[in-house]
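Next comes final21.pdb, with PDB, C-alpha atoms.
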```pdb
ATOM      1  CA  MET G1014      97.802  15.970 -30.587  1.00  0.00           C
ATOM      2  CA  SER G1015      95.234  14.858 -33.163  1.00  0.00           C
ATOM      3  CA  ILE G1016      95.542  11.241 -31.980  1.00  0.00           C
ATOM      4  CA  ILE G1017      94.712  12.289 -28.412  1.00  0.00           C
ATOM      5  CA  LEU G1018      91.750  14.312 -29.650  1.00  0.00           C
ATOM      6  CA  ALA G1019      90.538  11.338 -31.717  1.00  0.00           C
ATOM      7  CA  LEU G1020      90.818   9.041 -28.676  1.00  0.00           C
ATOM      8  CA  VAL G1021      88.889  11.500 -26.495  1.00  0.00           C
ATOM      9  CA  VAL G1022      86.141  11.787 -29.114  1.00  0.00           C
ATOM     10  CA  LEU G1023      86.016   7.992 -29.421  1.00  0.00           C
ATOM     11  CA  LEU G1024      85.726   7.579 -25.641  1.00  0.00           C
ATOM     12  CA  VAL G1025      82.942  10.169 -25.469  1.00  0.00           C
ATOM     13  CA  LEU G1026      81.050   8.429 -28.283  1.00  0.00           C
ATOM     14  CA  LEU G1027      81.420   5.055 -26.535  1.00  0.00           C
ATOM     15  CA  ALA G1028      80.168   6.552 -23.270  1.00  0.00           C
ATOM     16  CA  VAL G1029      77.133   8.082 -24.982  1.00  0.00           C
ATOM     17  CA  LEU G1030      76.399   4.820 -26.799  1.00  0.00           C
ATOM     18  CA  GLY G1031      76.710   2.810 -23.566  1.00  0.00           C
ATOM     19  CA  ALA G1032      74.423   5.195 -21.697  1.00  0.00           C
ATOM     20  CA  GLY G1033      71.884   4.979 -24.531  1.00  0.00           C
ATOM     21  CA  ILE G1034      71.883   1.192 -24.465  1.00  0.00           C
ATOM     22  CA  ALA G1035      71.549   1.154 -20.667  1.00  0.00           C
ATOM     23  CA  GLY G1036      68.629   3.579 -20.909  1.00  0.00           C
ATOM     24  CA  ILE G1037      66.862   1.395 -23.458  1.00  0.00           C
ATOM     25  CA  VAL G1038      67.314  -1.703 -21.276  1.00  0.00           C
ATOM     26  CA  VAL G1039      65.854   0.094 -18.249  1.00  0.00           C
ATOM     27  CA  LEU G1040      62.916   1.443 -20.273  1.00  0.00           C
ATOM     28  CA  VAL G1041      62.051  -1.957 -21.747  1.00  0.00           C
ATOM     29  CA  SER G1042      62.341  -3.607 -18.342  1.00  0.00           C
ATOM     30  CA  ARG G1043      60.011  -1.080 -16.724  1.00  0.00           C
ATOM     31  CA  ARG G1044      57.446  -1.355 -19.512  1.00  0.00           C
ATOM     32  CA  SER G1045      57.374  -5.147 -19.365  1.00  0.00           C
ATOM     33  CA  LYS G1046      56.823  -5.082 -15.596  1.00  0.00           C
ATOM     34  CA  ARG G1047      54.110  -2.418 -15.872  1.00  0.00           C
ATOM     35  CA  SER G1048      52.260  -4.175 -18.701  1.00  0.00           C
ATOM     36  CA  ALA G1049      52.045  -7.392 -16.704  1.00  0.00           C
ATOM     37  CA  GLY G1050      50.401  -5.586 -13.790  1.00  0.00           C
ATOM     38  CA  ASP G1051      50.434  -6.864 -10.226  1.00  0.00           C
ATOM     39  CA  GLY G1052      53.836  -8.477 -10.762  1.00  0.00           C
ATOM     40  CA  ALA G1053      52.380 -11.374 -12.746  1.00  0.00           C
ATOM     41  CA  VAL G1054      55.052 -11.454 -15.424  1.00  0.00           C
ATOM     42  CA  GLY G1055      54.728 -14.539 -17.596  1.00  0.00           C
ATOM     43  CA  THR G1056      51.908 -16.056 -15.540  1.00  0.00           C
ATOM     44  CA  ALA G1057      49.993 -18.825 -17.259  1.00  0.00           C
ATOM     45  CA  GLY G1058      46.223 -18.582 -17.113  1.00  0.00           C
ATOM     46  CA  GLY G1059      44.601 -20.385 -14.207  1.00  0.00           C
ATOM     47  CA  TRP G1060      43.451 -20.173 -10.611  1.00  0.00           C
ATOM     48  CA  TYR G1061      45.858 -18.590  -8.112  1.00  0.00           C
ATOM     49  CA  PRO G1062      45.606 -17.301  -4.533  1.00  0.00           C
ATOM     50  CA  ASP G1063      43.856 -13.931  -4.670  1.00  0.00           C
ATOM     51  CA  PRO G1064      46.433 -11.163  -4.121  1.00  0.00           C
ATOM     52  CA  GLN G1065      43.900  -9.145  -2.069  1.00  0.00           C
ATOM     53  CA  ASN G1066      41.956 -11.888  -0.276  1.00  0.00           C
ATOM     54  CA  PRO G1067      43.740 -14.829   1.391  1.00  0.00           C
ATOM     55  CA  ASN G1068      40.420 -16.718   1.648  1.00  0.00           C
ATOM     56  CA  ALA G1069      39.835 -16.798  -2.116  1.00  0.00           C
ATOM     57  CA  ASP G1070      41.389 -17.864  -5.386  1.00  0.00           C
ATOM     58  CA  ARG G1071      41.222 -15.509  -8.372  1.00  0.00           C
ATOM     59  CA  TYR G1072      41.448 -16.412 -12.058  1.00  0.00           C
ATOM     60  CA  HIS G1073      44.389 -15.000 -14.018  1.00  0.00           C
ATOM     61  CA  ASP G1074      43.790 -15.098 -17.792  1.00  0.00           C
ATOM     62  CA  GLY G1075      47.498 -14.920 -18.649  1.00  0.00           C
ATOM     63  CA  GLN G1076      47.394 -11.123 -18.999  1.00  0.00           C
ATOM     64  CA  THR G1077      45.555  -9.777 -15.977  1.00  0.00           C
ATOM     65  CA  TRP G1078      43.485 -10.779 -12.959  1.00  0.00           C
ATOM     66  CA  THR G1079      39.808 -11.282 -13.796  1.00  0.00           C
ATOM     67  CA  ALA G1080      36.746 -10.620 -11.628  1.00  0.00           C
ATOM     68  CA  HIS G1081      36.178 -14.396 -11.229  1.00  0.00           C
ATOM     69  CA  THR G1082      36.847 -15.718  -7.723  1.00  0.00           C
ATOM     70  CA  ARG G1083      36.157 -18.907  -5.779  1.00  0.00           C
ATOM     71  CA  PRO G1084      36.764 -20.002  -2.185  1.00  0.00           C
ATOM     72  CA  ALA G1085      40.421 -20.805  -1.571  1.00  0.00           C
ATOM     73  CA  ALA G1086      41.375 -24.441  -1.916  1.00  0.00           C
ATOM     74  CA  PRO G1087      42.055 -26.089   1.467  1.00  0.00           C
ATOM     75  CA  PRO G1088      45.723 -26.766   2.226  1.00  0.00           C
ATOM     76  CA  PRO G1089      46.895 -30.321   1.463  1.00  0.00           C
ATOM     77  CA  SER G1090      46.585 -32.744   4.346  1.00  0.00           C
ATOM     78  CA  SER G1091      49.797 -33.735   6.089  1.00  0.00           C
ATOM     79  CA  ARG G1092      48.270 -37.091   7.175  1.00  0.00           C
ATOM     80  CA  PRO G1093      49.165 -40.172   5.168  1.00  0.00           C
ATOM     81  CA  ASP G1094      46.257 -41.483   3.136  1.00  0.00           C
ATOM     82  CA  ALA G1095      44.396 -44.154   5.149  1.00  0.00           C
ATOM     83  CA  HIS G1096      43.364 -45.978   1.962  1.00  0.00           C
ATOM     84  CA  ALA G1097      46.906 -46.549   0.672  1.00  0.00           C
TER      85      ALA G1097
END
```
Could you render the structure from this file as structure tokens?
Amino acid sequence: MSIILALVVLLVLLAVLGAGIAGIVVLVSRRSKRSAGDGAVGTAGGWYPDPQNPNADRYHDGQTWTAHTRPAAPPPSSRPDAHA
């Protein structure tokens, strides 16, 4: 009977440990997404299409969107270059 009790205790401890690890993973994942803001996880600094204005580009400093904007760059031409 003591072996069965020991196995039950071991299984309960493993379940608690697994739940704790899963909770930590979820917490870290949520914090990393929240700290990046606007879903810009791992974004390098530079000009990107403005998330709120399709007619503008907005500067991302690698951490957050800045107040700096510029007119959106025109789409690339699909015509072959006449000077080639």
### Task
Would you work out the distance separating CA of Ile1037 (chain G) from CA of Trp1078 (chain G), expressed in Å to one decimal?
28.4 Å
### Message
Using only C-alpha atoms, can you tell me which of G:Leu1024, G:Ala1085, G:Ile1016, G:Val1029 comes closest to Asn1068 (chain G)?
### Response
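Smallest separation from Asn1068 (chain G) among the options: G:Ala1085.
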### Query
Separation of CA of Gly1058 (chain G) and CA of Ser1091 (chain G), in Å?
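These two atoms are separated by 27.9 Å.
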#### Entry: Nearest to Gly1059 (chain G) by atom-to-atom distance, counting all atoms listed in the file, from G:Ala1032, G:Val1041, G:Thr1082, G:Met1014
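Closest residue, counting all atoms listed in the file: G:Thr1082.
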### Task
Report as a PyMOL selection string the full result of the PyMOL selection byres ((chain G and resi 1086) around 12) when it is applied to this structure.
chain G and resi 1060-1063+1067-1071+1082-1085+1087-1090
### Task
Report the distance between CA of Ile1017 (chain G) and CA of Leu1030 (chain G) in Å, rounded to one decimal place.
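Distance reported for this atom pair: 19.8 Å.
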Limit the output to C-alpha atoms and give region 1017-1089 of chain G as a PDB file, in the first residue's frame.
```pdb
ATOM      1  CA  ILE G1017       0.802   2.965  -4.289  1.00  0.00           C
ATOM      2  CA  LEU G1018       0.654   5.986  -1.998  1.00  0.00           C
ATOM      3  CA  ALA G1019       4.195   6.982  -3.025  1.00  0.00           C
ATOM      4  CA  LEU G1020       3.267   6.680  -6.719  1.00  0.00           C
ATOM      5  CA  VAL G1021       0.136   8.797  -6.227  1.00  0.00           C
ATOM      6  CA  VAL G1022       2.139  11.475  -4.407  1.00  0.00           C
ATOM      7  CA  LEU G1023       4.772  11.398  -7.158  1.00  0.00           C
ATOM      8  CA  LEU G1024       2.118  11.782  -9.870  1.00  0.00           C
ATOM      9  CA  VAL G1025       0.510  14.697  -8.024  1.00  0.00           C
ATOM     10  CA  LEU G1026       3.892  16.412  -7.636  1.00  0.00           C
ATOM     11  CA  LEU G1027       4.639  15.925 -11.349  1.00  0.00           C
ATOM     12  CA  ALA G1028       1.236  17.351 -12.272  1.00  0.00           C
ATOM     13  CA  VAL G1029       1.769  20.406 -10.066  1.00  0.00           C
ATOM     14  CA  LEU G1030       5.271  20.918 -11.464  1.00  0.00           C
ATOM     15  CA  GLY G1031       4.012  20.605 -15.057  1.00  0.00           C
ATOM     16  CA  ALA G1032       1.190  23.065 -14.432  1.00  0.00           C
ATOM     17  CA  GLY G1033       3.664  25.502 -12.862  1.00  0.00           C
ATOM     18  CA  ILE G1034       5.996  25.314 -15.841  1.00  0.00           C
ATOM     19  CA  ALA G1035       3.094  25.761 -18.273  1.00  0.00           C
ATOM     20  CA  GLY G1036       1.918  28.792 -16.298  1.00  0.00           C
ATOM     21  CA  ILE G1037       5.367  30.367 -16.419  1.00  0.00           C
ATOM     22  CA  VAL G1038       5.599  29.826 -20.189  1.00  0.00           C
ATOM     23  CA  VAL G1039       2.204  31.467 -20.735  1.00  0.00           C
ATOM     24  CA  LEU G1040       3.087  34.406 -18.470  1.00  0.00           C
ATOM     25  CA  VAL G1041       6.417  35.053 -20.194  1.00  0.00           C
ATOM     26  CA  SER G1042       4.800  34.784 -23.616  1.00  0.00           C
ATOM     27  CA  ARG G1043       2.085  37.288 -22.724  1.00  0.00           C
ATOM     28  CA  ARG G1044       4.563  39.748 -21.229  1.00  0.00           C
ATOM     29  CA  SER G1045       6.839  39.633 -24.265  1.00  0.00           C
ATOM     30  CA  LYS G1046       3.907  40.302 -26.603  1.00  0.00           C
ATOM     31  CA  ARG G1047       2.596  43.136 -24.417  1.00  0.00           C
ATOM     32  CA  SER G1048       5.997  44.807 -24.032  1.00  0.00           C
ATOM     33  CA  ALA G1049       6.485  44.921 -27.791  1.00  0.00           C
ATOM     34  CA  GLY G1050       3.182  46.742 -28.262  1.00  0.00           C
ATOM     35  CA  ASP G1051       1.222  46.753 -31.501  1.00  0.00           C
ATOM     36  CA  GLY G1052       2.462  43.259 -32.345  1.00  0.00           C
ATOM     37  CA  ALA G1053       5.904  44.506 -33.370  1.00  0.00           C
ATOM     38  CA  VAL G1054       7.881  41.752 -31.689  1.00  0.00           C
ATOM     39  CA  GLY G1055      11.525  41.853 -32.717  1.00  0.00           C
ATOM     40  CA  THR G1056      11.043  44.654 -35.247  1.00  0.00           C
ATOM     41  CA  ALA G1057      14.225  46.373 -36.348  1.00  0.00           C
ATOM     42  CA  GLY G1058      14.168  50.154 -36.327  1.00  0.00           C
ATOM     43  CA  GLY G1059      13.140  51.771 -39.592  1.00  0.00           C
ATOM     44  CA  TRP G1060      10.283  53.039 -41.719  1.00  0.00           C
ATOM     45  CA  TYR G1061       7.216  50.793 -42.020  1.00  0.00           C
ATOM     46  CA  PRO G1062       3.644  51.220 -43.284  1.00  0.00           C
ATOM     47  CA  ASP G1063       1.727  53.133 -40.619  1.00  0.00           C
ATOM     48  CA  PRO G1064      -0.584  50.717 -38.767  1.00  0.00           C
ATOM     49  CA  GLN G1065      -3.303  53.411 -38.547  1.00  0.00           C
ATOM     50  CA  ASN G1066      -2.858  55.268 -41.844  1.00  0.00           C
ATOM     51  CA  PRO G1067      -2.400  53.389 -45.142  1.00  0.00           C
ATOM     52  CA  ASN G1068      -1.225  56.616 -46.835  1.00  0.00           C
ATOM     53  CA  ALA G1069       1.775  57.080 -44.534  1.00  0.00           C
ATOM     54  CA  ASP G1070       4.895  55.375 -43.266  1.00  0.00           C
ATOM     55  CA  ARG G1071       5.737  55.569 -39.558  1.00  0.00           C
ATOM     56  CA  TYR G1072       9.150  55.185 -37.929  1.00  0.00           C
ATOM     57  CA  HIS G1073       9.617  52.261 -35.539  1.00  0.00           C
ATOM     58  CA  ASP G1074      12.637  52.738 -33.245  1.00  0.00           C
ATOM     59  CA  GLY G1075      12.984  49.019 -32.493  1.00  0.00           C
ATOM     60  CA  GLN G1076      10.872  49.304 -29.329  1.00  0.00           C
ATOM     61  CA  THR G1077       7.784  51.301 -30.228  1.00  0.00           C
ATOM     62  CA  TRP G1078       6.191  53.409 -32.951  1.00  0.00           C
ATOM     63  CA  THR G1079       7.360  57.029 -32.887  1.00  0.00           C
ATOM     64  CA  ALA G1080       5.433  60.185 -33.802  1.00  0.00           C
ATOM     65  CA  HIS G1081       7.532  60.573 -36.993  1.00  0.00           C
ATOM     66  CA  THR G1082       5.608  59.946 -40.218  1.00  0.00           C
ATOM     67  CA  ARG G1083       6.146  60.533 -43.931  1.00  0.00           C
ATOM     68  CA  PRO G1084       4.016  59.982 -47.037  1.00  0.00           C
ATOM     69  CA  ALA G1085       3.842  56.309 -47.973  1.00  0.00           C
ATOM     70  CA  ALA G1086       6.344  55.163 -50.557  1.00  0.00           C
ATOM     71  CA  PRO G1087       4.720  54.504 -53.956  1.00  0.00           C
ATOM     72  CA  PRO G1088       4.354  50.831 -54.887  1.00  0.00           C
ATOM     73  CA  PRO G1089       7.118  49.458 -57.139  1.00  0.00           C
TER      74      PRO G1089
END
```
